[in-house]
Amino acid sequence: KAGVTQTPRYLIKTRGQQVTLSCSPISGHRSVSWYQQTPGQGLQFLFEYFSETQRNKGNFPGRFSGRQFSNSRSEMNVSTLELGDSALYLCASSGTAGSYEQYFGPGTRLTVT
Amino acid sequence: DQQVKQNSPSLSVQEGRISILNCDYTNSMFDYFLWYKKYPAEGPTFLISISSIKDKNEDGRFTVFLNKSAKHLSLHIVPSQPGDSAVYFCAASGRNAGNMLTFGGGTRLMVKP
């Protein structure tokens with residue numbers, strides 16, 4: 001089975017711009033979660049989608065949003081980028097709503113200048 | 001406040017010896033715990049997990065111990081191999097948290113040949 005894929009792998013944006021990141025989960029997985037990893041804050045949960053519905057949301061401002069499509073692929077969007085949004089954005093998928101084991105993609109490295 | 005803490009940022013161990021990585025948590029609602037390994041430029045890889053109804057779970061060279069009264073878990077790697085050198089994260093989830101994982105800050109393990 002192919003693993004979780006994320007595109008693009010690297011991205012450079014300017015302050016004030018917006019960005020969209022994409023995640024394709026493992027085939028058959030219906031839950032997709034997004035995490036942000038920074039040196040200062042570590043790995044932090046952004047949000048989770050299951051069957052196209054947002055089930056949980058972390059403590060991030062409304063500039064961070066996401067969605068999930070009927071094929072379970074997910075996108076996250078960050079609007080009005082700030083320097084502090086520079087991070088590794090990780091997507092994880094899991095097979096069922098109650099399955100805690102999540103499988104991570106390689107991440108998208110976002111740099112905001 | 002950090003609900004999951006890994007107090008040792010780094011650990012160095014000789015090849016063949018035991019590696020013990022520790023993790024403490026504060027939230028009594030957590031009932032499932034996981035360990036992930038992360039290499040640079042890759043997403044975290046799931047290693048092993050444990051439910052709060054157990055106090056030990058073993059998978060090959062990896063064993064996780066859970067002490068609920070102390071709100072403490074540990075990962076034992078025996079024997080340690082140079083390929084185990086990576087950053088290890090413990091993570092926790094609660095019954096009503098869906099697939100939201102709360103991560104510790106990570107411990108960098110270096111296994112010396």
# chains A, B, ... in the order shown; residues from 1 in each chain; ligands from 1

$ residues_around --residues "A:Ile12" --least-positions-apart "3" --cutoff "6 Å" --atoms "only C-alpha atoms" --output "mmCIF file with all heavy atoms, in the first residue's frame"
data_model
loop_
_atom_site.group_PDB
_atom_site.id
_atom_site.type_symbol
_atom_site.label_atom_id
_atom_site.label_comp_id
_atom_site.auth_asym_id
_atom_site.auth_seq_id
_atom_site.Cartn_x
_atom_site.Cartn_y
_atom_site.Cartn_z
ATOM 1 N N LEU A 110 7.107 24.690 4.965
ATOM 2 C CA LEU A 110 6.683 26.023 4.543
ATOM 3 C C LEU A 110 7.605 27.064 5.155
ATOM 4 O O LEU A 110 7.813 27.074 6.379
ATOM 5 C CB LEU A 110 5.241 26.289 4.984
ATOM 6 C CG LEU A 110 4.727 27.724 4.789
ATOM 7 C CD1 LEU A 110 4.655 28.079 3.315
ATOM 8 C CD2 LEU A 110 3.356 27.903 5.449
ATOM 9 N N THR A 111 8.155 27.901 4.319
ATOM 10 C CA THR A 111 8.971 29.019 4.787
ATOM 11 C C THR A 111 8.287 30.317 4.384
ATOM 12 O O THR A 111 7.969 30.510 3.206
ATOM 13 C CB THR A 111 10.382 28.982 4.182
ATOM 14 O OG1 THR A 111 10.997 27.732 4.528
ATOM 15 C CG2 THR A 111 11.239 30.126 4.701
ATOM 16 N N VAL A 112 8.058 31.186 5.356
ATOM 17 C CA VAL A 112 7.424 32.480 5.091
ATOM 18 C C VAL A 112 8.476 33.575 5.273
ATOM 19 O O VAL A 112 9.125 33.659 6.322
ATOM 20 C CB VAL A 112 6.239 32.728 6.046
ATOM 21 C CG1 VAL A 112 5.565 34.056 5.717
ATOM 22 C CG2 VAL A 112 5.230 31.589 5.962
#

$ select_by_dssp --residues "stretch 18-50 of chain B" --states "strand (DSSP E)" --output "PyMOL selection string"
chain B and resi 19-25+30-38+45-50

$ closest_atom_pairs --of "chain A" --to "chain B" --cutoff "12 Å" --atoms "only C-alpha atoms" --output "CSV"
residue,atom,partner,partner_atom,distance
A:Gly3,CA,B:Gly43,CA,10.9
A:Val4,CA,B:Gly43,CA,9.6
A:Thr5,CA,B:Gly43,CA,10.4
A:Gln6,CA,B:Gly43,CA,10.3
A:Arg9,CA,B:Ala41,CA,9.8
A:Tyr10,CA,B:Ala41,CA,10.7
A:Arg30,CA,B:Asn99,CA,11.4
A:Ser31,CA,B:Asn99,CA,8.0
A:Val32,CA,B:Asn99,CA,8.7
A:Ser33,CA,B:Asn99,CA,7.4
A:Trp34,CA,B:Met100,CA,9.3
A:Tyr35,CA,B:Leu101,CA,9.2
A:Gln36,CA,B:Phe103,CA,11.1
A:Gln37,CA,B:Gly105,CA,10.1
A:Thr38,CA,B:Gly105,CA,10.3
A:Pro39,CA,B:Gly105,CA,9.2
A:Gly40,CA,B:Gly105,CA,9.3
A:Gln41,CA,B:Gly105,CA,8.0
A:Gly42,CA,B:Gly105,CA,5.6
A:Leu43,CA,B:Phe103,CA,6.0
A:Gln44,CA,B:Thr102,CA,7.0
A:Phe45,CA,B:Met100,CA,6.6
A:Leu46,CA,B:Met100,CA,8.7
A:Phe47,CA,B:Met100,CA,7.7
A:Glu48,CA,B:Met100,CA,7.1
A:Tyr49,CA,B:Asn99,CA,9.2
A:Phe50,CA,B:Gly98,CA,9.5
A:Gln54,CA,B:Gly98,CA,10.5
A:Arg55,CA,B:Gly98,CA,7.1
A:Asn56,CA,B:Gly98,CA,7.0
A:Lys57,CA,B:Met100,CA,8.4
A:Gly58,CA,B:Met100,CA,8.4
A:Asn59,CA,B:Met100,CA,11.8
A:Leu88,CA,B:Ala41,CA,9.2
A:Tyr89,CA,B:Gly43,CA,9.4
A:Leu90,CA,B:Gly43,CA,6.8
A:Cys91,CA,B:Gly43,CA,8.5
A:Ala92,CA,B:Gly43,CA,8.9
A:Ser93,CA,B:Asn99,CA,9.2
A:Ser94,CA,B:Asn99,CA,8.1
A:Gly95,CA,B:Asn99,CA,10.4
A:Thr96,CA,B:Asn99,CA,9.1
A:Ala97,CA,B:Gly98,CA,6.5
A:Gly98,CA,B:Gly98,CA,6.5
A:Ser99,CA,B:Asn99,CA,7.1
A:Tyr100,CA,B:Asn99,CA,5.7
A:Glu101,CA,B:Phe46,CA,7.1
A:Gln102,CA,B:Phe46,CA,7.1
A:Tyr103,CA,B:Phe46,CA,6.6
A:Phe104,CA,B:Gly43,CA,5.4
A:Gly105,CA,B:Gly43,CA,5.3
A:Pro106,CA,B:Gly43,CA,4.2
A:Gly107,CA,B:Gly43,CA,6.0
A:Thr108,CA,B:Ala41,CA,9.5
A:Arg109,CA,B:Ala41,CA,8.9

$ residues_around --residues "A:Gly66" --least-positions-apart "6" --cutoff "8 Å" --atoms "only C-alpha atoms" --output "list in words"
Phe47, Ser74, Glu75, Met76 and Asn77 of chain A

$ residues_around --residues "stretch 9-25 of chain B" --least-positions-apart "5" --cutoff "8 Å" --atoms "only C-alpha atoms" --output "ChimeraX atom specification"
/B:3-4,71-82,90,104-113

$ write_last_selection --atoms "N, CA, C and O atoms" --output "short mmCIF file (atom, residue, chain, number, x, y, z; two decimals), in the first residue's frame"
data_model
loop_
_atom_site.label_atom_id
_atom_site.label_comp_id
_atom_site.auth_asym_id
_atom_site.auth_seq_id
_atom_site.Cartn_x
_atom_site.Cartn_y
_atom_site.Cartn_z
N GLN B 3 0.80 19.17 28.36
CA GLN B 3 0.11 18.03 28.95
C GLN B 3 0.92 16.74 28.82
O GLN B 3 0.67 15.78 29.54
N VAL B 4 1.85 16.72 27.88
CA VAL B 4 2.72 15.56 27.69
C VAL B 4 4.15 16.08 27.67
O VAL B 4 4.47 16.97 26.88
N LYS B 71 1.27 8.61 36.25
CA LYS B 71 1.09 9.29 34.96
C LYS B 71 2.42 9.32 34.20
O LYS B 71 2.91 10.37 33.77
N HIS B 72 2.98 8.15 34.04
CA HIS B 72 4.31 8.01 33.45
C HIS B 72 4.35 6.82 32.52
O HIS B 72 3.79 5.76 32.82
N LEU B 73 4.98 7.01 31.37
CA LEU B 73 5.23 5.86 30.50
C LEU B 73 6.66 5.90 30.02
O LEU B 73 7.32 6.94 30.05
N SER B 74 7.14 4.72 29.66
CA SER B 74 8.51 4.62 29.19
C SER B 74 8.58 3.65 28.02
O SER B 74 7.77 2.72 27.92
N LEU B 75 9.54 3.90 27.17
CA LEU B 75 9.81 3.02 26.01
C LEU B 75 11.19 2.42 26.22
O LEU B 75 12.16 3.14 26.43
N HIS B 76 11.25 1.09 26.20
CA HIS B 76 12.51 0.38 26.32
C HIS B 76 12.86 -0.21 24.96
O HIS B 76 12.02 -0.87 24.33
N ILE B 77 14.10 0.00 24.55
CA ILE B 77 14.59 -0.59 23.30
C ILE B 77 15.77 -1.48 23.67
O ILE B 77 16.78 -1.01 24.21
N VAL B 78 15.58 -2.79 23.40
CA VAL B 78 16.62 -3.76 23.75
C VAL B 78 16.77 -4.80 22.64
O VAL B 78 15.76 -5.45 22.31
N PRO B 79 17.98 -5.04 22.09
CA PRO B 79 19.15 -4.21 22.27
C PRO B 79 19.09 -2.99 21.35
O PRO B 79 18.48 -3.04 20.28
N SER B 80 19.73 -1.94 21.72
CA SER B 80 19.75 -0.72 20.90
C SER B 80 20.69 -0.93 19.71
O SER B 80 21.74 -1.58 19.83
N GLN B 81 20.29 -0.38 18.57
CA GLN B 81 21.08 -0.49 17.35
C GLN B 81 21.34 0.91 16.79
O GLN B 81 20.52 1.82 17.00
N PRO B 82 22.43 1.10 16.07
CA PRO B 82 22.72 2.44 15.51
C PRO B 82 21.56 2.99 14.67
O PRO B 82 21.32 4.20 14.66
N CYS B 90 6.59 10.76 22.35
CA CYS B 90 5.44 10.08 22.91
C CYS B 90 4.21 10.95 22.64
O CYS B 90 4.32 12.18 22.50
N GLY B 104 4.58 14.94 23.13
CA GLY B 104 5.66 15.48 23.94
C GLY B 104 6.66 16.17 23.03
O GLY B 104 6.54 16.14 21.81
N GLY B 105 7.67 16.79 23.65
CA GLY B 105 8.64 17.57 22.90
C GLY B 105 9.71 16.74 22.19
O GLY B 105 10.46 17.29 21.37
N GLY B 106 9.77 15.45 22.48
CA GLY B 106 10.72 14.59 21.79
C GLY B 106 12.02 14.39 22.56
O GLY B 106 12.44 15.25 23.33
N THR B 107 12.62 13.23 22.35
CA THR B 107 13.95 12.91 22.89
C THR B 107 14.81 12.41 21.75
O THR B 107 14.42 11.48 21.04
N ARG B 108 15.97 13.04 21.59
CA ARG B 108 16.88 12.60 20.54
C ARG B 108 17.74 11.47 21.08
O ARG B 108 18.50 11.66 22.04
N LEU B 109 17.61 10.30 20.48
CA LEU B 109 18.38 9.12 20.88
C LEU B 109 19.55 8.93 19.94
O LEU B 109 19.38 8.94 18.71
N MET B 110 20.73 8.80 20.52
CA MET B 110 21.93 8.51 19.72
C MET B 110 22.49 7.17 20.19
O MET B 110 22.83 7.04 21.38
N VAL B 111 22.56 6.22 19.31
CA VAL B 111 23.12 4.91 19.64
C VAL B 111 24.49 4.83 19.00
O VAL B 111 24.63 4.84 17.77
N LYS B 112 25.50 4.70 19.85
CA LYS B 112 26.88 4.71 19.37
C LYS B 112 27.35 3.29 19.09
O LYS B 112 27.14 2.39 19.90
N PRO B 113 28.00 3.09 17.93
CA PRO B 113 28.49 1.75 17.58
C PRO B 113 29.62 1.32 18.53
O PRO B 113 30.31 2.17 19.11
#

$ closest_residue --among "A:Gln68, A:Gln17, A:Thr7, A:Ser24" --to "A:Ser51" --atoms "only C-alpha atoms"
A:Gln68

$ decode --residues "stretch 43-90 of chain A" --atoms "N, CA and C atoms" --output "tab-separated table (two decimals), in the first residue's frame"
chain	number	residue	atom	x	y	z
A	43	LEU	N	5.22	19.51	18.08
A	43	LEU	CA	4.15	19.00	17.20
A	43	LEU	C	2.80	19.38	17.79
A	44	GLN	N	2.04	20.17	17.05
A	44	GLN	CA	0.75	20.60	17.56
A	44	GLN	C	-0.36	20.24	16.59
A	45	PHE	N	-1.45	19.77	17.15
A	45	PHE	CA	-2.62	19.35	16.37
A	45	PHE	C	-3.34	20.57	15.81
A	46	LEU	N	-3.63	20.50	14.51
A	46	LEU	CA	-4.38	21.57	13.85
A	46	LEU	C	-5.86	21.23	13.76
A	47	PHE	N	-6.17	20.18	13.02
A	47	PHE	CA	-7.56	19.71	12.90
A	47	PHE	C	-7.59	18.31	12.33
A	48	GLU	N	-8.78	17.70	12.47
A	48	GLU	CA	-9.01	16.35	11.96
A	48	GLU	C	-10.28	16.32	11.15
A	49	TYR	N	-10.23	15.60	10.05
A	49	TYR	CA	-11.41	15.40	9.23
A	49	TYR	C	-11.71	13.91	9.12
A	50	PHE	N	-12.99	13.62	9.17
A	50	PHE	CA	-13.44	12.24	8.98
A	50	PHE	C	-14.71	12.29	8.13
A	51	SER	N	-14.70	11.56	7.03
A	51	SER	CA	-15.85	11.56	6.11
A	51	SER	C	-16.30	12.97	5.79
A	52	GLU	N	-15.37	13.81	5.43
A	52	GLU	CA	-15.59	15.18	4.95
A	52	GLU	C	-16.06	16.14	6.04
A	53	THR	N	-16.07	15.70	7.30
A	53	THR	CA	-16.52	16.56	8.40
A	53	THR	C	-15.37	16.83	9.35
A	54	GLN	N	-15.24	18.07	9.77
A	54	GLN	CA	-14.21	18.38	10.75
A	54	GLN	C	-14.68	17.87	12.11
A	55	ARG	N	-13.87	16.98	12.73
A	55	ARG	CA	-14.27	16.38	14.00
A	55	ARG	C	-13.63	17.07	15.19
A	56	ASN	N	-12.41	17.55	14.99
A	56	ASN	CA	-11.70	18.20	16.08
A	56	ASN	C	-10.90	19.36	15.52
A	57	LYS	N	-10.68	20.36	16.35
A	57	LYS	CA	-9.86	21.48	15.92
A	57	LYS	C	-8.94	21.87	17.06
A	58	GLY	N	-7.70	22.13	16.75
A	58	GLY	CA	-6.73	22.56	17.75
A	58	GLY	C	-6.83	24.05	17.99
A	59	ASN	N	-5.92	24.54	18.80
A	59	ASN	CA	-5.96	25.94	19.21
A	59	ASN	C	-5.16	26.81	18.24
A	60	PHE	N	-5.67	26.97	17.07
A	60	PHE	CA	-5.02	27.80	16.05
A	60	PHE	C	-6.02	28.85	15.58
A	61	PRO	N	-5.50	30.00	15.11
A	61	PRO	CA	-6.42	31.06	14.64
A	61	PRO	C	-7.20	30.64	13.40
A	62	GLY	N	-8.25	31.38	13.12
A	62	GLY	CA	-9.12	31.07	12.00
A	62	GLY	C	-8.45	31.16	10.65
A	63	ARG	N	-7.22	31.71	10.60
A	63	ARG	CA	-6.50	31.76	9.32
A	63	ARG	C	-6.16	30.35	8.83
A	64	PHE	N	-6.17	29.41	9.74
A	64	PHE	CA	-5.90	28.02	9.39
A	64	PHE	C	-7.23	27.30	9.16
A	65	SER	N	-7.38	26.75	7.99
A	65	SER	CA	-8.63	26.04	7.69
A	65	SER	C	-8.31	24.81	6.86
A	66	GLY	N	-9.27	23.94	6.76
A	66	GLY	CA	-9.04	22.74	5.98
A	66	GLY	C	-10.34	22.22	5.41
A	67	ARG	N	-10.21	21.18	4.61
A	67	ARG	CA	-11.38	20.49	4.11
A	67	ARG	C	-10.96	19.10	3.66
A	68	GLN	N	-11.98	18.26	3.52
A	68	GLN	CA	-11.73	16.91	3.05
A	68	GLN	C	-12.72	16.60	1.94
A	69	PHE	N	-12.23	15.91	0.94
A	69	PHE	CA	-13.06	15.58	-0.21
A	69	PHE	C	-13.63	14.18	-0.07
A	70	SER	N	-14.55	13.85	-0.97
A	70	SER	CA	-15.23	12.56	-0.88
A	70	SER	C	-14.28	11.38	-1.05
A	71	ASN	N	-13.11	11.62	-1.68
A	71	ASN	CA	-12.14	10.53	-1.85
A	71	ASN	C	-11.14	10.50	-0.68
A	72	SER	N	-11.44	11.25	0.39
A	72	SER	CA	-10.65	11.35	1.63
A	72	SER	C	-9.42	12.24	1.51
A	73	ARG	N	-9.07	12.66	0.31
A	73	ARG	CA	-7.97	13.62	0.18
A	73	ARG	C	-8.32	14.89	0.95
A	74	SER	N	-7.30	15.53	1.47
A	74	SER	CA	-7.55	16.71	2.30
A	74	SER	C	-6.63	17.86	1.89
A	75	GLU	N	-7.11	19.03	2.11
A	75	GLU	CA	-6.29	20.23	1.91
A	75	GLU	C	-6.35	21.09	3.16
A	76	MET	N	-5.26	21.78	3.43
A	76	MET	CA	-5.33	22.81	4.46
A	76	MET	C	-4.88	24.13	3.85
A	77	ASN	N	-5.45	25.18	4.32
A	77	ASN	CA	-5.20	26.51	3.80
A	77	ASN	C	-4.78	27.43	4.93
A	78	VAL	N	-3.78	28.23	4.66
A	78	VAL	CA	-3.41	29.26	5.63
A	78	VAL	C	-3.48	30.60	4.90
A	79	SER	N	-4.29	31.49	5.41
A	79	SER	CA	-4.42	32.81	4.77
A	79	SER	C	-3.60	33.83	5.53
A	80	THR	N	-3.31	34.92	4.88
A	80	THR	CA	-2.56	36.04	5.48
A	80	THR	C	-1.36	35.52	6.28
A	81	LEU	N	-0.45	34.91	5.56
A	81	LEU	CA	0.68	34.25	6.20
A	81	LEU	C	1.50	35.21	7.05
A	82	GLU	N	1.97	34.67	8.19
A	82	GLU	CA	2.85	35.40	9.09
A	82	GLU	C	4.18	34.66	9.18
A	83	LEU	N	5.23	35.37	9.59
A	83	LEU	CA	6.54	34.73	9.69
A	83	LEU	C	6.49	33.50	10.59
A	84	GLY	N	5.69	33.58	11.65
A	84	GLY	CA	5.56	32.49	12.61
A	84	GLY	C	4.89	31.25	12.06
A	85	ASP	N	4.33	31.34	10.86
A	85	ASP	CA	3.70	30.16	10.24
A	85	ASP	C	4.73	29.26	9.58
A	86	SER	N	5.98	29.71	9.52
A	86	SER	CA	7.04	28.86	8.98
A	86	SER	C	7.16	27.61	9.83
A	87	ALA	N	7.00	26.46	9.21
A	87	ALA	CA	6.94	25.21	9.97
A	87	ALA	C	6.93	24.04	9.01
A	88	LEU	N	7.00	22.85	9.62
A	88	LEU	CA	6.75	21.62	8.87
A	88	LEU	C	5.30	21.24	9.13
A	89	TYR	N	4.53	21.10	8.08
A	89	TYR	CA	3.12	20.73	8.21
A	89	TYR	C	2.97	19.27	7.85
A	90	LEU	N	2.48	18.51	8.81
A	90	LEU	CA	2.37	17.06	8.66
A	90	LEU	C	0.92	16.65	8.57
